Structure formats: structure tokens, C-alpha cells
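The structure appears right after this line, and notes come after that.
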Amino acid sequence: MSDLAVWEQALSSAGNWYRALPPAIRAELDGLLEEIMQLKRTLVELVTSSGSSAICRSCGGECCLLGRYHVSVLDILAYLKTGVDPVVPNFFASPACPYADFSGCTMPPGYRPVTCVIFNCQLIEDRLTAIERHTLYAHESRLRTTVARAGRMHDIRIDRPLLLSCS
Ligand code: SF4
Ligand code: SF4
């Protein structure tokens, strides 16, 4: 099966699973998804306000070359919850990330995979003050905890990669 066919099957399964959730569980999950999206936005804002964009542009997105499996079921549920069309991958872009185009990541900060919003290379870390680093780590820890909670709250692991979720 092609990557795109696997993606579409996994997308459909995630949607069916989400829509069939008992109302109380779905409401709890929606609350966690909201919190996760806000934490992701905050983490991205923290590093971009330190001037990371210019550095990442000149680097060319070195750390985005392994993004294929970064999108999780949970990340896709954020699109479903907000009624936004999910990211459209380009699996022919290899070795570039399937979720990027010539101008960078096509996923808005609140929808980006956890791995992507948590990782900062040394160049970026070096731009942060001690206070900024402390704030970043505190938010990262909250994000990990919230994702772990959401990932295990019902009958399947939804914090696993979307492309591996049907295998
Ligand atoms: S975080 Fe570092 S490795 Fe990744 S794109 Fe930015 S500068 Fe490059
Ligand atoms: S999803 Fe976006 S941030 Fe993550 S590796 Fe791909 S292009 Fe980079």
C-alpha cells in the first residue's frame, strides 16, 4: 500500500473513532486537545520571539528531514475537533518532510507534532535567556504530561504515529 493510501486509511479510522466516542469522553478529550494546542502555540511563540525563524531559514530545516512519522493520531484529532481540514502530506517530497513546502512547515503551530514543537537545536537554545529556557522547559513538561493523559484516556493509544496506527 502506498504511503498516501495508508495515510488516508488512518485518517478515516481516526475520524470514525473520534466520532464514535461516548459524549463524556469526547468532551474530556476535547478539553485536553484545546490545552495541547495552546501549549504548542506558546512553545512556538517562545522560540520565534527569540529570533529562531531567521536561523531555521538559513539552516534550511535540517531537523525536519525525519518528519514523516511525527504526526500522531492525536495531532489529527486536533484538526477534527476544530473542523479544520487536516494537513495534506506530499510523500514525494522525500527527503524533505511530507508536511512542509518551500516556505516551511504547512501545519500551524497549534497543530504541529509534539516532537516538532519540543525540539530545538543548540543554535536555538543558545539564543534563549535562562528565564526563557526555564519557561520553555515548564511548558514542555506540561505538554508531555497532557499528551500522555490524552493518549491513554480511552481504548486505543492515540499518541502513536498516524502512519503506524492501522498496522
Ligand atoms: S531548529 Fe536548528 S536544526 Fe532545526 S531548522 Fe532550526 S536551526 Fe535548523
Ligand atoms: S511537521 Fe513541520 S515542523 Fe515537523 S518535521 Fe515536518 S516540517 Fe518540520
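Residue numbering restarts at 1 for every chain of the C-alpha cells, chains are lettered A, B, ... in their displayed order, and ligands are numbered from 1 as they appear.
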
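Selection of all polymer residues within 10 Å of ligand 1 on the basis of only C-alpha atoms and all ligand atoms gives A:Val47, A:Ser52, A:Ser53, A:Ala54, A:Ile55, A:Cys56, A:Arg57, A:Ser58, A:Cys59, A:Gly60, A:Gly61, A:Glu62, A:Cys63, A:Cys64, A:Leu65, A:Gly104, A:Cys116, A:Val117, A:Ile118, A:Phe119, A:Asn120, A:Cys121, A:Gln122, A:Leu123, A:Ile124, A:Glu125.
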
Those same residues - C-alpha atoms - I'd like them written as a compact mmCIF listing (two decimals), in the first residue's frame.
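This is the output file out.txt:
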```
# COMPACT_ATOMS: atom_id res chain seq x y z
CA VAL A 47 11.32 30.32 20.36
CA SER A 52 14.66 31.40 15.70
CA SER A 53 12.95 31.89 12.31
CA ALA A 54 15.98 33.52 10.67
CA ILE A 55 18.29 30.78 11.97
CA CYS A 56 15.98 27.99 10.80
CA ARG A 57 15.66 29.63 7.37
CA SER A 58 19.41 29.76 6.91
CA CYS A 59 19.73 26.16 8.16
CA GLY A 60 17.11 25.01 5.64
CA GLY A 61 15.16 22.89 8.12
CA GLU A 62 17.81 20.27 8.88
CA CYS A 63 15.79 18.81 11.77
CA CYS A 64 12.67 18.48 9.59
CA LEU A 65 14.14 15.76 7.39
CA GLY A 104 8.48 25.65 5.70
CA CYS A 116 8.49 19.27 16.33
CA VAL A 117 7.45 21.88 18.88
CA ILE A 118 9.62 20.42 21.62
CA PHE A 119 12.86 20.03 19.67
CA ASN A 120 15.25 22.97 19.49
CA CYS A 121 18.82 22.54 18.34
CA GLN A 122 21.72 24.06 20.23
CA LEU A 123 21.75 27.12 17.97
CA ILE A 124 18.23 27.96 19.08
CA GLU A 125 18.77 27.04 22.73
```

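Restricting the atom set to only C-alpha atoms and all ligand atoms, one finds that the residues within 9 Å of ligand 2 amount to Gly61, Glu62, Cys63, Cys64, Leu65, Leu66, Gly67, Arg68, Tyr69, His70, Val71, Ala96, Cys97, Pro98, Tyr99, Ala100, Asp101, Gly104, Cys105, Thr106, Met107, Pro108, Pro109, Arg112, Pro113, Val114, Thr115, Cys116 and Val117 of chain A.
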
Please produce an output containing C-alpha atoms for each residue in the selection, written as a PDB file, in the first residue's frame.
```
ATOM      1  CA  GLY A  61      15.161  22.889   8.116  1.00  0.00           C
ATOM      2  CA  GLU A  62      17.812  20.267   8.880  1.00  0.00           C
ATOM      3  CA  CYS A  63      15.785  18.809  11.772  1.00  0.00           C
ATOM      4  CA  CYS A  64      12.668  18.482   9.591  1.00  0.00           C
ATOM      5  CA  LEU A  65      14.139  15.761   7.386  1.00  0.00           C
ATOM      6  CA  LEU A  66      12.749  12.991   9.578  1.00  0.00           C
ATOM      7  CA  GLY A  67       9.208  14.278   9.984  1.00  0.00           C
ATOM      8  CA  ARG A  68       7.272  11.509   8.225  1.00  0.00           C
ATOM      9  CA  TYR A  69       6.216   9.694  11.406  1.00  0.00           C
ATOM     10  CA  HIS A  70       5.949  12.744  13.634  1.00  0.00           C
ATOM     11  CA  VAL A  71       2.233  13.326  13.044  1.00  0.00           C
ATOM     12  CA  ALA A  96      12.091  16.761   2.841  1.00  0.00           C
ATOM     13  CA  CYS A  97       9.277  16.443   5.379  1.00  0.00           C
ATOM     14  CA  PRO A  98       5.953  15.497   3.717  1.00  0.00           C
ATOM     15  CA  TYR A  99       4.240  18.228   5.764  1.00  0.00           C
ATOM     16  CA  ALA A 100       6.459  21.070   4.554  1.00  0.00           C
ATOM     17  CA  ASP A 101       6.551  23.152   1.404  1.00  0.00           C
ATOM     18  CA  GLY A 104       8.477  25.652   5.705  1.00  0.00           C
ATOM     19  CA  CYS A 105       6.003  23.698   7.827  1.00  0.00           C
ATOM     20  CA  THR A 106       2.446  23.821   6.491  1.00  0.00           C
ATOM     21  CA  MET A 107       0.970  22.978   9.893  1.00  0.00           C
ATOM     22  CA  PRO A 108       0.009  25.986  12.038  1.00  0.00           C
ATOM     23  CA  PRO A 109       1.832  25.953  15.437  1.00  0.00           C
ATOM     24  CA  ARG A 112       2.250  20.695  14.813  1.00  0.00           C
ATOM     25  CA  PRO A 113       3.504  17.364  16.136  1.00  0.00           C
ATOM     26  CA  VAL A 114       4.786  17.327  19.706  1.00  0.00           C
ATOM     27  CA  THR A 115       8.277  16.247  18.618  1.00  0.00           C
ATOM     28  CA  CYS A 116       8.486  19.272  16.326  1.00  0.00           C
ATOM     29  CA  VAL A 117       7.446  21.883  18.884  1.00  0.00           C
TER      30      VAL A 117
END
```

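Candidate residues A:Met37, A:Val73, A:Tyr79, A:Ala93 were compared for distance to A:Ser165, and the nearest is A:Val73, using only C-alpha atoms.
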
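Shortest atom-to-atom contact with A:Leu4 among A:Thr129, A:Ser103, A:Asn90, A:Thr146: A:Asn90, counting only C-alpha atoms.
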
DSSP strand (DSSP E or B) residues within stretch 5-159 of chain A, as a PyMOL selection string: chain A and resi 72+100-101+104-105

Would you save the residues from that selection as a short mmCIF file (atom, residue, chain, number, x, y, z; two decimals), in the first residue's frame, using C-alpha atoms?
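Output (out-v2.cif):
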```cif
data_model
loop_
_atom_site.label_atom_id
_atom_site.label_comp_id
_atom_site.auth_asym_id
_atom_site.auth_seq_id
_atom_site.Cartn_x
_atom_site.Cartn_y
_atom_site.Cartn_z
CA SER A 72 0.27 11.34 15.62
CA ALA A 100 6.46 21.07 4.55
CA ASP A 101 6.55 23.15 1.40
CA GLY A 104 8.48 25.65 5.70
CA CYS A 105 6.00 23.70 7.83
#
```

Return as a tab-separated table (two decimals) with C-alpha atoms, in the first residue's frame the full set of residues in chain A whose backbone-based DSSP assignment is alpha helix (DSSP H).
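Once everything was written out, this is selection_32.tsv:
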```tsv
chain	number	residue	atom	x	y	z
A	3	ASP	CA	2.09	6.00	1.93
A	4	LEU	CA	-0.84	8.09	0.75
A	5	ALA	CA	-3.24	5.13	0.92
A	6	VAL	CA	-2.01	4.31	4.44
A	7	TRP	CA	-2.43	7.96	5.42
A	8	GLU	CA	-5.99	8.10	4.08
A	9	GLN	CA	-6.97	4.85	5.78
A	10	ALA	CA	-5.51	6.02	9.10
A	11	LEU	CA	-7.23	9.40	8.74
A	12	SER	CA	-10.57	7.72	8.16
A	13	SER	CA	-10.09	5.33	11.13
A	14	ALA	CA	-9.14	8.21	13.43
A	15	GLY	CA	-12.24	10.14	12.34
A	16	ASN	CA	-14.54	7.16	12.88
A	17	TRP	CA	-13.02	6.51	16.30
A	18	TYR	CA	-13.39	10.15	17.36
A	19	ARG	CA	-16.99	10.48	16.17
A	23	PRO	CA	-20.03	12.15	24.80
A	24	ALA	CA	-18.38	12.44	28.23
A	25	ILE	CA	-15.09	11.01	26.98
A	26	ARG	CA	-15.16	13.15	23.87
A	27	ALA	CA	-15.75	16.28	25.97
A	28	GLU	CA	-12.80	15.41	28.20
A	29	LEU	CA	-10.60	14.68	25.19
A	30	ASP	CA	-11.65	17.95	23.53
A	31	GLY	CA	-10.61	19.83	26.66
A	32	LEU	CA	-7.19	18.17	26.59
A	33	LEU	CA	-6.83	18.85	22.85
A	34	GLU	CA	-7.53	22.54	23.49
A	35	GLU	CA	-4.89	22.63	26.21
A	36	ILE	CA	-2.37	20.79	24.00
A	37	MET	CA	-2.92	23.22	21.12
A	38	GLN	CA	-2.43	26.22	23.40
A	39	LEU	CA	0.77	24.77	24.87
A	40	LYS	CA	2.14	24.10	21.37
A	41	ARG	CA	1.38	27.69	20.31
A	42	THR	CA	3.11	29.03	23.40
A	43	LEU	CA	6.20	26.88	22.83
A	44	VAL	CA	6.50	28.01	19.20
A	45	GLU	CA	5.97	31.67	20.19
A	46	LEU	CA	8.67	31.41	22.84
A	47	VAL	CA	11.32	30.32	20.36
A	48	THR	CA	10.21	32.51	17.45
A	52	SER	CA	14.66	31.40	15.70
A	53	SER	CA	12.95	31.89	12.31
A	54	ALA	CA	15.98	33.52	10.67
A	55	ILE	CA	18.29	30.78	11.97
A	56	CYS	CA	15.98	27.99	10.80
A	57	ARG	CA	15.66	29.63	7.37
A	58	SER	CA	19.41	29.76	6.91
A	59	CYS	CA	19.73	26.16	8.16
A	73	VAL	CA	-3.37	10.31	15.79
A	74	LEU	CA	-3.75	12.95	18.50
A	75	ASP	CA	-2.42	15.65	16.16
A	76	ILE	CA	-5.05	14.71	13.57
A	77	LEU	CA	-7.79	14.77	16.22
A	78	ALA	CA	-6.97	18.45	16.79
A	79	TYR	CA	-7.98	19.12	13.18
A	80	LEU	CA	-11.19	17.12	13.62
A	81	LYS	CA	-12.06	18.90	16.86
A	82	THR	CA	-11.62	22.36	15.33
A	114	VAL	CA	4.79	17.33	19.71
A	115	THR	CA	8.28	16.25	18.62
A	116	CYS	CA	8.49	19.27	16.33
A	117	VAL	CA	7.45	21.88	18.88
A	118	ILE	CA	9.62	20.42	21.62
A	122	GLN	CA	21.72	24.06	20.23
A	123	LEU	CA	21.75	27.12	17.97
A	124	ILE	CA	18.23	27.96	19.08
A	125	GLU	CA	18.77	27.04	22.73
A	130	ALA	CA	17.93	31.42	31.48
A	131	ILE	CA	14.39	32.60	32.29
A	132	GLU	CA	13.15	31.81	28.78
A	133	ARG	CA	14.71	28.36	28.96
A	134	HIS	CA	13.05	27.72	32.31
A	135	THR	CA	9.65	28.81	30.90
A	136	LEU	CA	10.19	26.65	27.83
A	137	TYR	CA	11.00	23.54	29.88
A	138	ALA	CA	8.00	24.12	32.17
A	139	HIS	CA	5.64	24.30	29.18
A	140	GLU	CA	7.32	21.31	27.55
A	141	SER	CA	6.78	19.28	30.69
A	142	ARG	CA	3.09	20.27	30.84
A	143	LEU	CA	2.70	19.37	27.17
A	144	ARG	CA	4.25	15.92	27.67
A	145	THR	CA	2.01	15.24	30.68
A	146	THR	CA	-1.16	16.39	28.90
A	147	VAL	CA	-0.34	14.38	25.78
A	148	ALA	CA	0.32	11.27	27.89
A	149	ARG	CA	-3.03	11.75	29.64
A	150	ALA	CA	-4.93	12.24	26.38
A	151	GLY	CA	-3.05	9.40	24.72
```

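Reported to one decimal place, the separation of atom CA of A:Ser49 from atom CA of A:Tyr111 is 18.8 Å.
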
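Atom pair atom CA of A:Val84 / atom CA of A:Gly110 has a distance of 11.9 Å (rounded to one decimal).
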
Tell me, in Å to one decimal, how far atom CA of A:Leu21 is from atom CA of A:Met153. 11.2 Å
